[in-house]
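Structure file target-v1.cif (mmCIF, C-alpha atoms) is printed below.
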data_start
#
loop_
_atom_site.label_atom_id
_atom_site.label_comp_id
_atom_site.auth_asym_id
_atom_site.auth_seq_id
_atom_site.Cartn_x
_atom_site.Cartn_y
_atom_site.Cartn_z
CA MET C 1 15.68 20.97 19.37
CA PRO C 2 13.41 19.56 22.06
CA ALA C 3 14.61 16.28 23.45
CA ILE C 4 11.68 14.34 22.12
CA PHE C 5 13.65 11.42 20.77
CA THR C 6 14.89 8.61 22.92
CA VAL C 7 15.89 5.14 21.88
CA ASP C 8 16.60 2.03 23.82
CA PRO C 9 19.48 0.38 21.96
CA ARG C 10 19.27 -2.66 24.24
CA SER C 11 15.73 -3.42 23.15
CA GLY C 12 15.05 -6.11 20.57
CA VAL C 13 13.23 -3.57 18.39
CA PRO C 14 15.54 -2.27 15.65
CA ILE C 15 16.75 1.25 16.47
CA TYR C 16 15.69 2.70 13.10
CA LEU C 17 12.13 1.50 13.74
CA GLN C 18 12.13 3.09 17.20
CA LEU C 19 13.19 6.37 15.59
CA THR C 20 10.75 6.37 12.68
CA ASP C 21 7.93 5.49 15.06
CA GLN C 22 8.78 8.40 17.34
CA VAL C 23 9.06 10.94 14.56
CA LYS C 24 5.69 9.81 13.15
CA ARG C 25 4.06 10.10 16.57
CA SER C 26 5.57 13.55 17.12
CA VAL C 27 4.33 14.74 13.74
CA ALA C 28 0.89 13.21 14.28
CA LEU C 29 0.57 14.94 17.64
CA GLY C 30 1.94 18.25 16.38
CA VAL C 31 4.96 18.10 18.69
CA LEU C 32 6.91 18.42 15.47
CA GLN C 33 5.32 21.08 13.26
CA PRO C 34 5.24 21.09 9.48
CA GLY C 35 8.37 22.81 8.19
CA GLU C 36 10.20 22.23 11.46
CA GLN C 37 13.82 21.19 11.09
CA LEU C 38 15.04 17.86 12.39
CA PRO C 39 18.49 17.50 13.89
CA THR C 40 21.18 16.54 11.40
CA VAL C 41 22.04 12.87 11.13
CA LYS C 42 25.35 13.50 12.87
CA GLN C 43 23.81 15.57 15.66
CA LEU C 44 21.09 13.04 16.43
CA ALA C 45 23.59 10.16 16.27
CA LEU C 46 25.81 11.95 18.79
CA ASP C 47 22.90 13.00 21.02
CA LEU C 48 21.53 9.47 21.22
CA THR C 49 24.98 7.80 20.97
CA ILE C 50 23.89 5.58 18.11
CA ASN C 51 25.32 4.76 14.70
CA PRO C 52 24.92 7.62 12.19
CA ASN C 53 23.99 5.28 9.35
CA THR C 54 21.14 3.97 11.50
CA VAL C 55 19.81 7.53 11.86
CA ALA C 56 20.27 8.04 8.11
CA ARG C 57 18.29 4.86 7.46
CA ALA C 58 15.43 6.13 9.65
CA TYR C 59 15.44 9.47 7.82
CA ARG C 60 15.37 7.70 4.44
CA ASP C 61 12.36 5.65 5.53
CA LEU C 62 10.60 8.80 6.75
CA GLU C 63 11.25 10.45 3.39
CA ARG C 64 9.88 7.43 1.58
CA ASP C 65 6.75 7.62 3.73
CA GLU C 66 6.50 11.34 2.89
CA ILE C 67 6.72 12.45 6.51
CA ILE C 68 9.90 14.46 6.10
CA GLU C 69 11.83 15.96 3.21
CA THR C 70 15.51 16.63 2.88
CA ALA C 71 16.95 19.65 1.12
CA PRO C 72 20.54 18.92 0.14
CA GLY C 73 22.87 21.11 2.17
CA ARG C 74 20.07 22.51 4.33
CA GLY C 75 18.91 19.52 6.34
CA SER C 76 15.76 17.53 6.95
CA PHE C 77 12.37 19.05 7.66
CA VAL C 78 8.89 17.88 8.49
CA ARG C 79 7.01 18.15 5.22
CA GLY C 80 5.40 21.57 4.99
CA ASN C 81 3.45 21.16 1.76
CA GLY C 82 0.00 19.87 2.59
CA ALA C 83 0.74 20.13 6.31
CA ALA C 84 -2.56 18.61 7.39
CA GLU C 85 -1.97 15.71 5.00
CA THR C 86 1.51 15.07 6.44
CA SER C 87 0.16 15.00 9.96
CA ARG C 88 -2.68 12.68 8.91
CA ALA C 89 -0.24 10.43 7.05
CA ALA C 90 1.95 10.23 10.16
CA ALA C 91 -1.06 9.43 12.33
CA SER C 92 -2.16 6.75 9.86
CA HIS C 93 1.27 5.16 9.93
CA VAL C 94 1.23 4.98 13.72
CA ALA C 95 -2.30 3.55 13.79
CA HIS C 96 -1.46 1.14 10.98
CA GLU C 97 1.44 -0.30 12.96
CA ALA C 98 -0.69 -0.69 16.08
CA LEU C 99 -3.50 -2.39 14.13
CA GLU C 100 -1.07 -4.68 12.34
CA ARG C 101 0.36 -5.76 15.66
CA ALA C 102 -3.05 -6.40 17.15
CA VAL C 103 -4.37 -8.35 14.17
CA ARG C 104 -1.16 -10.38 13.88
CA GLU C 105 -1.35 -11.20 17.55
CA ALA C 106 -5.02 -12.20 17.23
CA LYS C 107 -4.13 -14.50 14.35
CA SER C 108 -1.15 -15.95 16.17
CA ILE C 109 -3.29 -17.00 19.10
CA GLY C 110 -5.71 -18.70 16.76
CA LEU C 111 -8.69 -16.34 16.43
CA THR C 112 -10.76 -16.64 13.28
CA ARG C 113 -11.23 -13.86 10.76
CA SER C 114 -14.87 -13.31 11.73
CA ARG C 115 -14.00 -13.21 15.41
CA VAL C 116 -11.32 -10.56 14.79
CA ARG C 117 -13.76 -8.55 12.67
CA LYS C 118 -16.30 -8.61 15.51
CA LEU C 119 -13.67 -7.41 18.01
CA PHE C 120 -12.66 -4.66 15.64
CA ASN C 121 -16.25 -3.52 15.12
CA ASP C 122 -16.85 -3.53 18.88
CA ALA C 123 -13.80 -1.35 19.42
CA LEU C 124 -14.82 0.96 16.59
CA GLU C 125 -18.28 1.38 18.07
CA ARG C 126 -16.88 2.12 21.52
CA TRP C 127 -14.43 4.77 20.32
CA PHE C 128 -16.35 6.25 17.36
CA PRO C 129 -19.99 5.85 18.47
CA GLU C 130 -21.56 8.72 16.49
CA GLU C 131 -19.97 7.58 13.25
CA GLN C 132 -21.79 4.28 13.25
CA MET J 1 33.92 -0.93 -2.45
CA SER J 2 34.66 -2.26 0.99
CA THR J 3 37.28 -0.41 2.96
CA ILE J 4 38.38 -3.64 4.59
CA SER J 5 37.85 -6.94 2.87
CA ILE J 6 38.77 -10.20 4.58
CA GLN J 7 38.65 -13.16 2.23
CA HIS J 8 38.94 -16.73 3.43
CA LEU J 9 41.42 -15.69 6.09
CA THR J 10 43.04 -18.55 7.99
CA LYS J 11 45.78 -18.24 10.55
CA ILE J 12 47.26 -21.34 12.08
CA TYR J 13 49.37 -21.24 15.23
CA GLY J 14 51.05 -24.58 15.87
CA ARG J 15 48.36 -27.12 15.12
CA SER J 16 45.25 -25.12 15.72
CA ALA J 17 43.56 -22.49 13.60
CA ALA J 18 43.16 -19.22 15.52
CA VAL J 19 41.23 -17.88 12.53
CA ASP J 20 39.49 -20.34 10.26
CA ASP J 21 38.27 -19.31 6.80
CA VAL J 22 36.90 -15.94 7.87
CA CYS J 23 35.18 -13.78 5.24
CA ILE J 24 34.10 -10.27 6.27
CA GLU J 25 33.39 -7.14 4.23
CA ILE J 26 33.52 -3.80 6.02
CA PRO J 27 31.90 -1.05 3.94
CA LYS J 28 33.39 2.43 3.80
CA GLY J 29 31.99 4.77 6.43
CA SER J 30 30.52 2.03 8.56
CA VAL J 31 31.13 0.93 12.12
CA PHE J 32 31.68 -2.80 12.30
CA GLY J 33 31.65 -4.73 15.59
CA LEU J 34 33.59 -7.93 15.99
CA LEU J 35 32.21 -9.98 18.86
CA GLY J 36 33.24 -13.29 20.30
CA PRO J 37 34.27 -15.08 23.46
CA ASN J 38 37.89 -14.82 24.63
CA GLY J 39 40.20 -16.62 22.24
CA ALA J 40 37.70 -16.57 19.38
CA GLY J 41 40.20 -15.01 16.99
CA LYS J 42 39.31 -11.30 17.09
CA THR J 43 42.79 -9.99 17.87
CA THR J 44 44.42 -12.36 15.38
CA THR J 45 42.01 -11.13 12.71
CA PHE J 46 42.99 -7.53 13.47
CA LYS J 47 46.68 -8.42 13.33
CA CYS J 48 46.24 -10.02 9.92
CA ILE J 49 44.38 -6.95 8.61
CA LEU J 50 47.26 -4.76 9.80
CA GLY J 51 50.07 -6.96 8.57
CA LEU J 52 51.21 -7.75 12.12
CA ALA J 53 50.57 -11.42 11.53
CA ARG J 54 51.00 -13.25 8.25
CA PRO J 55 47.90 -15.17 7.16
CA SER J 56 48.40 -18.92 6.69
CA SER J 57 46.01 -18.57 3.77
CA GLY J 58 43.48 -16.12 2.42
CA THR J 59 43.80 -12.40 1.87
CA THR J 60 42.97 -9.10 3.49
CA LEU J 61 42.53 -6.00 1.38
CA ILE J 62 42.29 -2.33 2.30
CA ASP J 63 40.49 -0.18 -0.27
CA GLY J 64 40.65 -3.13 -2.62
CA ALA J 65 44.42 -3.56 -2.51
CA PRO J 66 46.90 -5.48 -0.41
CA LEU J 67 48.26 -3.52 2.55
CA VAL J 68 50.92 -0.95 1.72
CA PRO J 69 52.85 1.22 4.22
CA ALA J 70 51.14 4.40 3.00
CA VAL J 71 47.88 3.12 4.51
CA PHE J 72 49.28 3.60 8.01
CA GLU J 73 49.30 7.37 7.55
CA ARG J 74 45.48 7.32 7.59
CA LEU J 75 44.91 4.34 9.84
CA ALA J 76 44.91 4.10 13.61
CA TYR J 77 45.14 0.91 15.64
CA VAL J 78 44.42 0.67 19.33
CA PRO J 79 45.62 -2.76 20.39
CA GLU J 80 44.09 -4.71 23.21
CA ARG J 81 47.34 -4.68 25.15
CA SER J 82 48.92 -1.32 25.72
CA VAL J 83 51.91 -0.50 23.54
CA LEU J 84 52.71 2.65 25.48
CA TYR J 85 56.18 3.14 26.93
CA GLU J 86 56.15 2.92 30.72
CA TRP J 87 58.87 5.53 31.21
CA MET J 88 57.44 8.13 28.84
CA THR J 89 54.95 10.82 29.79
CA ALA J 90 51.63 11.36 28.02
CA GLY J 91 53.06 14.52 26.48
CA GLU J 92 56.09 12.67 25.13
CA HIS J 93 53.83 10.11 23.51
CA MET J 94 51.89 12.92 21.93
CA GLU J 95 55.10 14.46 20.60
CA ALA J 96 56.20 11.12 19.14
CA GLN J 97 52.82 10.82 17.46
CA ARG J 98 53.13 14.32 16.03
CA ARG J 99 56.45 13.41 14.43
CA SER J 100 55.18 10.15 12.96
CA PHE J 101 51.88 11.33 11.47
CA LYS J 102 51.54 14.09 8.90
CA ARG J 103 47.81 14.19 9.63
CA TYR J 104 48.37 14.73 13.36
CA ASP J 105 46.19 17.61 14.57
CA PRO J 106 47.66 19.28 17.71
CA ALA J 107 44.49 21.25 18.44
CA ARG J 108 42.46 18.07 18.30
CA ALA J 109 44.97 16.33 20.57
CA THR J 110 44.73 19.11 23.17
CA GLU J 111 40.93 18.91 23.01
CA LEU J 112 41.04 15.15 23.53
CA PHE J 113 43.50 15.43 26.41
CA ALA J 114 41.03 17.71 28.14
CA LEU J 115 38.09 15.43 27.31
CA PHE J 116 39.70 12.54 29.20
CA ASN J 117 41.33 14.73 31.86
CA LEU J 118 44.80 13.51 30.97
CA ASP J 119 47.90 15.10 32.43
CA ALA J 120 50.66 15.53 29.81
CA ARG J 121 53.39 15.40 32.48
CA LYS J 122 52.33 12.06 33.90
CA ARG J 123 54.40 8.98 33.08
CA VAL J 124 52.59 5.93 31.77
CA ARG J 125 53.81 3.81 34.69
CA ALA J 126 51.97 6.15 37.08
CA MET J 127 48.71 5.87 35.15
CA SER J 128 45.76 3.62 35.92
CA LYS J 129 44.69 1.07 33.30
CA GLY J 130 41.83 3.37 32.35
CA MET J 131 44.11 6.38 31.86
CA GLN J 132 46.40 4.30 29.67
CA THR J 133 43.45 3.24 27.54
CA ALA J 134 42.34 6.87 27.29
CA LEU J 135 45.85 7.94 26.21
CA ALA J 136 45.93 5.25 23.51
CA ILE J 137 42.52 6.47 22.29
CA VAL J 138 43.64 10.11 22.25
CA LEU J 139 46.78 9.23 20.26
CA ALA J 140 44.68 7.26 17.76
CA PHE J 141 42.03 9.94 17.20
CA ALA J 142 44.44 12.90 17.17
CA SER J 143 45.55 12.15 13.62
CA ARG J 144 41.94 12.13 12.37
CA PRO J 145 42.29 8.67 10.84
CA GLU J 146 40.08 7.41 8.01
CA ILE J 147 40.33 3.83 9.21
CA LEU J 148 40.19 2.87 12.88
CA VAL J 149 40.93 -0.59 14.19
CA LEU J 150 40.01 -0.67 17.87
CA ASP J 151 40.61 -3.79 19.93
CA GLU J 152 38.64 -3.45 23.20
CA PRO J 153 38.85 0.36 23.10
CA THR J 154 36.98 0.93 26.37
CA SER J 155 38.60 -1.62 28.66
CA GLY J 156 39.32 -0.19 32.09
CA LEU J 157 37.39 3.03 31.41
CA ASP J 158 34.68 4.34 33.71
CA PRO J 159 31.17 4.70 32.24
CA VAL J 160 31.62 8.42 31.53
CA ASN J 161 34.80 7.87 29.53
CA GLN J 162 33.34 4.78 27.83
CA ARG J 163 30.55 7.00 26.56
CA ALA J 164 33.10 9.60 25.45
CA VAL J 165 34.90 6.95 23.39
CA LEU J 166 31.62 5.84 21.80
CA LYS J 167 30.88 9.43 20.82
CA LEU J 168 34.36 9.76 19.27
CA ILE J 169 33.67 6.64 17.22
CA ILE J 170 30.26 7.94 16.14
CA ASP J 171 31.70 11.35 15.31
CA ALA J 172 34.44 9.77 13.19
CA ALA J 173 31.93 7.56 11.39
CA ALA J 174 29.65 10.53 10.73
CA GLN J 175 32.60 12.17 8.98
CA GLY J 176 33.13 9.13 6.79
CA ALA J 177 35.71 7.14 8.74
CA THR J 178 35.51 3.36 8.73
CA VAL J 179 35.70 1.77 12.16
CA VAL J 180 36.11 -1.84 13.17
CA LEU J 181 36.02 -2.55 16.88
CA SER J 182 35.89 -5.49 19.20
CA SER J 183 34.35 -5.32 22.62
CA HIS J 184 32.97 -7.54 25.30
CA GLN J 185 30.59 -4.71 26.16
CA ILE J 186 27.83 -5.81 23.85
CA GLY J 187 25.69 -2.80 24.77
CA GLN J 188 28.34 -0.48 23.33
CA VAL J 189 28.59 -2.42 20.10
CA GLU J 190 24.78 -2.39 19.92
CA ARG J 191 24.85 1.42 19.99
CA ALA J 192 27.83 2.21 17.82
CA ALA J 193 27.92 -0.55 15.22
CA GLU J 194 25.59 -1.08 12.30
CA HIS J 195 27.11 -4.41 11.30
CA ILE J 196 28.51 -7.17 13.44
CA ALA J 197 30.21 -10.49 13.03
CA ILE J 198 30.41 -13.04 15.81
CA LEU J 199 33.51 -15.21 15.92
CA GLN J 200 33.77 -18.48 17.75
CA ASP J 201 36.72 -20.84 17.61
CA GLY J 202 38.10 -18.81 14.72
CA LYS J 203 34.94 -19.10 12.60
CA VAL J 204 32.26 -16.57 11.76
CA VAL J 205 29.08 -17.96 13.32
CA LEU J 206 26.93 -14.92 12.58
CA ASN J 207 27.34 -11.88 10.37
CA GLY J 208 24.83 -9.14 9.62
CA ALA J 209 23.34 -5.72 10.25
CA VAL J 210 22.36 -5.31 13.91
CA ASP J 211 18.91 -3.94 13.10
CA ASP J 212 18.24 -6.68 10.53
CA LEU J 213 19.28 -9.40 12.98
CA LYS J 214 16.90 -7.95 15.57
CA TYR J 215 14.15 -7.80 13.00
CA GLN J 216 14.57 -11.44 11.95
CA ARG J 217 15.49 -13.20 15.19
CA LYS J 218 12.70 -13.89 17.61
CA ILE J 219 11.65 -16.41 20.18
CA VAL J 220 8.19 -17.85 19.66
CA GLU J 221 6.90 -19.08 22.97
CA GLY J 222 3.86 -21.30 23.35
CA ILE J 223 2.21 -22.34 26.59
CA PHE J 224 0.36 -25.66 26.60
CA GLU J 225 -2.32 -27.05 28.90
CA SER J 226 -0.07 -29.70 30.42
CA ASP J 227 3.57 -30.60 30.14
CA ALA J 228 2.62 -33.77 28.27
CA PHE J 229 2.25 -31.97 24.93
CA SER J 230 4.02 -33.14 21.85
CA VAL J 231 5.00 -31.01 18.90
CA ASN J 232 5.68 -32.12 15.39
CA GLY J 233 7.27 -30.66 12.35
CA PHE J 234 9.33 -27.89 13.94
CA GLU J 235 12.54 -29.85 13.75
CA ARG J 236 12.24 -29.75 9.97
CA ASP J 237 11.70 -25.98 9.82
CA ALA J 238 15.01 -24.48 8.69
CA ARG J 239 14.17 -21.16 10.34
CA ILE J 240 14.23 -22.70 13.81
CA SER J 241 17.66 -22.89 15.39
CA ARG J 242 16.62 -24.14 18.80
CA VAL J 243 13.68 -25.94 20.33
CA GLU J 244 13.45 -25.78 24.09
CA LYS J 245 10.82 -27.42 26.24
CA THR J 246 10.38 -26.38 29.86
CA GLY J 247 7.33 -27.91 31.56
CA ARG J 248 4.27 -26.49 29.79
CA ILE J 249 6.31 -23.99 27.82
CA LEU J 250 7.83 -24.50 24.39
CA ARG J 251 10.31 -21.94 23.10
CA LEU J 252 11.36 -21.83 19.48
CA THR J 253 14.34 -19.68 18.57
CA VAL J 254 13.87 -18.51 15.00
CA SER J 255 16.47 -16.87 12.84
CA ASP J 256 14.61 -15.73 9.77
CA GLY J 257 11.11 -14.47 10.44
CA SER J 258 8.46 -16.13 12.54
CA ASP J 259 5.54 -16.03 10.09
CA GLY J 260 3.11 -18.83 10.68
CA LEU J 261 4.94 -20.36 13.61
CA ALA J 262 2.66 -18.88 16.23
CA ALA J 263 -0.40 -20.13 14.39
CA GLY J 264 1.35 -23.47 14.02
CA LEU J 265 1.80 -23.75 17.77
CA VAL J 266 -1.84 -22.85 18.32
CA SER J 267 -2.96 -25.51 15.88
CA GLN J 268 -0.92 -28.03 17.87
CA GLY J 269 -2.73 -27.08 21.05
CA ALA J 270 -0.87 -24.15 22.55
CA GLN J 271 -3.16 -22.06 24.74
CA SER J 272 -1.26 -18.88 24.25
CA VAL J 273 1.63 -17.78 22.15
CA ARG J 274 3.87 -14.77 22.32
CA ILE J 275 6.71 -13.53 20.18
CA VAL J 276 9.71 -12.24 22.10
CA ASP J 277 12.17 -9.70 20.67
CA LEU J 278 15.86 -10.43 21.09
CA ASN J 279 18.53 -7.85 21.77
CA LEU J 280 22.11 -8.19 20.63
CA GLU J 281 23.21 -9.87 23.84
CA ASP J 282 20.49 -12.53 23.44
CA ILE J 283 21.48 -12.99 19.80
CA PHE J 284 25.14 -13.27 20.77
CA LEU J 285 24.54 -15.80 23.54
CA ASN J 286 22.39 -17.83 21.19
CA ALA J 287 25.02 -17.79 18.47
CA VAL J 288 27.83 -18.97 20.72
CA ALA J 289 25.75 -21.49 22.69
CA PRO J 290 26.91 -25.10 22.35
CA SER J 291 25.88 -26.06 18.85
CA GLN J 292 22.71 -28.02 18.36
CA SER J 293 21.24 -29.62 15.36
CA THR J 294 17.78 -28.36 14.54
CA ALA J 295 16.39 -31.75 15.43
CA ASP J 296 17.48 -31.46 19.03
CA VAL J 297 14.89 -30.78 21.64
CA VAL J 298 16.43 -29.52 24.83
CA GLU J 299 14.73 -30.60 28.01
CA ALA J 300 15.48 -27.69 30.32
CA SER J 301 14.99 -28.18 34.01
#
In structure tokens, what does this structure look like?
Amino acid sequence: MPAIFTVDPRSGVPIYLQLTDQVKRSVALGVLQPGEQLPTVKQLALDLTINPNTVARAYRDLERDEIIETAPGRGSFVRGNGAAETSRAAASHVAHEALERAVREAKSIGLTRSRVRKLFNDALERWFPEEQ
Amino acid sequence: MSTISIQHLTKIYGRSAAVDDVCIEIPKGSVFGLLGPNGAGKTTTFKCILGLARPSSGTTLIDGAPLVPAVFERLAYVPERSVLYEWMTAGEHMEAQRRSFKRYDPARATELFALFNLDARKRVRAMSKGMQTALAIVLAFASRPEILVLDEPTSGLDPVNQRAVLKLIIDAAAQGATVVLSSHQIGQVERAAEHIAILQDGKVVLNGAVDDLKYQRKIVEGIFESDAFSVNGFERDARISRVEKTGRILRLTVSDGSDGLAAGLVSQGAQSVRIVDLNLEDIFLNAVAPSQSTADVVEAS
């Protein structure tokens, strides 16, 4: 198993969120391939020196979001059925989080809805010019 | 069912309550961290769970029933103060443990001796504090207990051995053991424990899942144009546990979600607002800080 997971337990971000975020990124980027096996809950808990139930919680959330699937007795795997869809779903989750954060921040510092929409459109045009 | 259930536990020594109406549920297979300043009542709580101190009132249950001697066959306790015999060697302690516990696993004990580099021939009196702690840990884990009560299990250990102890705790929990530990090393509790309770002056001042506490507890910080700003309404918001004003900066400590607060600060004239995550140490220090009513505004210098 490549050492692609790291968590910072001393951060104020819940550990299970750090883990789910990393797995989604890895799947979106293809670092974790469809069908690839994830470490067992116990193994990952020991590797990262974190609570096993916290790892289990992250895995449950990833199952709910249809990023991974768990076969009883065999372990957890990146979803292999509809591989492209899994990878897209993971990418969407990551982007969704980032957008949520940005929009929440914009609202918290008092920007109006139309102002945020303009910023979003500007960014969209800059990064996806030909799709305008 | 909780493996350990503490219900309205009170223990009075002389005229003061060392433990004051404590209620804690420790689910099976979980790692539970008990935090608190010195003298907060952690050790007394452990002693009551284990029948080493008689509660003044309230009850403690293990697997739903009052403590019975048979529980000790599958329970291990590492007390804060060493209960090792000065004149005995590590090996003799191991032998005594083997005779007392049916579940004692000699292969596991040998493995653990090697893990902590312990010398079986060495007498306890010749051991450093750290080696004594390691020996107590080895004796506790060698009988593969289902319930572990660990009072400051890493005190005196170097960082390598502290990490080894954490991994033993995690390994035991992954196999279904229930662990309750106290530690002043908040970073260790933050890694190993999923639930914590913070004791202060014998009372539970905070109790919850570590990740949930981190998710809910934030500081909302607003920066105003001048230090002559005034803010209204926050003292009535039940989510805010602390309001702190330092020059142009206002910091609100919130305990249950910060929705709307940032926008609220902006509408009262804040030029910028940010939401700061809190780690367990921040949450701990906040919980044991001198108590303040929500109406208090602290003028920090």
Could you tell me which residues of chain J sit within 7 Å of chain C when counting all atoms listed in the file, and give me the result as a compact mmCIF listing (two decimals) with C-alpha atoms, keeping the file's coordinate frame?
# COMPACT_ATOMS: atom_id res chain seq x y z
CA LEU J 166 31.62 5.84 21.80
CA LYS J 167 30.88 9.43 20.82
CA ILE J 170 30.26 7.94 16.14
CA ASP J 171 31.70 11.35 15.31
CA ALA J 174 29.65 10.53 10.73
CA GLY J 187 25.69 -2.80 24.77
CA GLU J 190 24.78 -2.39 19.92
CA ARG J 191 24.85 1.42 19.99
CA ALA J 192 27.83 2.21 17.82
CA ALA J 193 27.92 -0.55 15.22
CA GLU J 194 25.59 -1.08 12.30
CA ASP J 211 18.91 -3.94 13.10
CA LYS J 214 16.90 -7.95 15.57
CA TYR J 215 14.15 -7.80 13.00
CA ALA J 262 2.66 -18.88 16.23
CA ALA J 263 -0.40 -20.13 14.39
CA VAL J 266 -1.84 -22.85 18.32
CA SER J 272 -1.26 -18.88 24.25
CA VAL J 273 1.63 -17.78 22.15
CA ASP J 277 12.17 -9.70 20.67
CA LEU J 278 15.86 -10.43 21.09
CA ASN J 279 18.53 -7.85 21.77
* **Point-to-point distance from CA of Arg99 (chain J) to CA of Leu112 (chain J), Å rounded to tenths** =>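 Separating CA of Arg99 (chain J) from CA of Leu112 (chain J) is a distance of 18.0 Å.
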As lines of an AutoDock Vina configuration file, what would the box around region 81-89 of chain C look like: edges along x, y and z, 5 Å added on every side, centre and edge lengths in Å to one decimal?
center_x = 0.4
center_y = 15.8
center_z = 5.9
size_x = 16.1
size_y = 20.7
size_z = 18.2
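What separates CA of Arg248 (chain J) from CA of Ala270 (chain J) is a distance of 9.2 Å.
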* Asked: Skipping near chain neighbours, those fewer than 2 positions away, what residues fall within 7 Å of Ser241 (chain J) using only C-alpha atoms, listed as a ChimeraX atom specification?
  -> /J:239,253-255,294
Preceding selection exported with C-alpha atoms as a PDB file, keeping the file's coordinate frame:
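again.pdb, written as the output of this step:
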ATOM      1  CA  ARG J 239      14.170 -21.160  10.340  1.00  0.00           C
ATOM      2  CA  THR J 253      14.340 -19.680  18.570  1.00  0.00           C
ATOM      3  CA  VAL J 254      13.870 -18.510  15.000  1.00  0.00           C
ATOM      4  CA  SER J 255      16.470 -16.870  12.840  1.00  0.00           C
ATOM      5  CA  THR J 294      17.780 -28.360  14.540  1.00  0.00           C
TER       6      THR J 294
END
* Do you know which residues are at most 8 Å from region 1-16 of chain J counting only C-alpha atoms, after dropping those on the same chain fewer than 3 positions away, and could you put them as a list in words? -> Val19, Asp20, Asp21, Val22, Cys23, Ile24, Glu25, Ile26, Pro27, Lys28, Thr44, Ile49, Arg54, Pro55, Ser56, Ser57, Gly58, Thr59, Thr60, Leu61, Ile62, Asp63, Gly64 and Thr178 of chain J
* Enumerate, as an NGL selection string, the residues matched when the PyMOL selection byres ((chain J and resi 120) around 7) is run on the file above. => :J and (89-91 or 118-119 or 121-122)
* Asked: Which residues fall under the PyMOL selection byres ((chain J and resi 268) around 10) in this file, as a VMD selection string?
  -> chain J and resid 222 224 229 to 232 262 to 267 269 to 271
* Nearest-residue call for Pro106 (chain J), choices J:Ile196, J:Leu34, J:Val138, J:Cys48, using all atoms listed in the file ->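 Ranking J:Ile196, J:Leu34, J:Val138, J:Cys48 by distance to Pro106 (chain J), first place goes to J:Val138.
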* Asked: Distance CA of Arg57 (chain C)-CA of Val210 (chain J), one decimal place?
  -> 12.7 Å
* **Selection dump of the PyMOL selection byres ((chain J and resi 148) around 8), as number ranges by chain** => J: 75-77, 140, 145-147, 149-150, 177-181
* Given the choices C:Gly82, C:Gly30, C:Gly35, C:Pro129, which gets closest to Glu69 (chain C) if the distance is worked out from all atoms listed in the file? ->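 That would be C:Gly35, the residue with the smallest distance to Glu69 (chain C).
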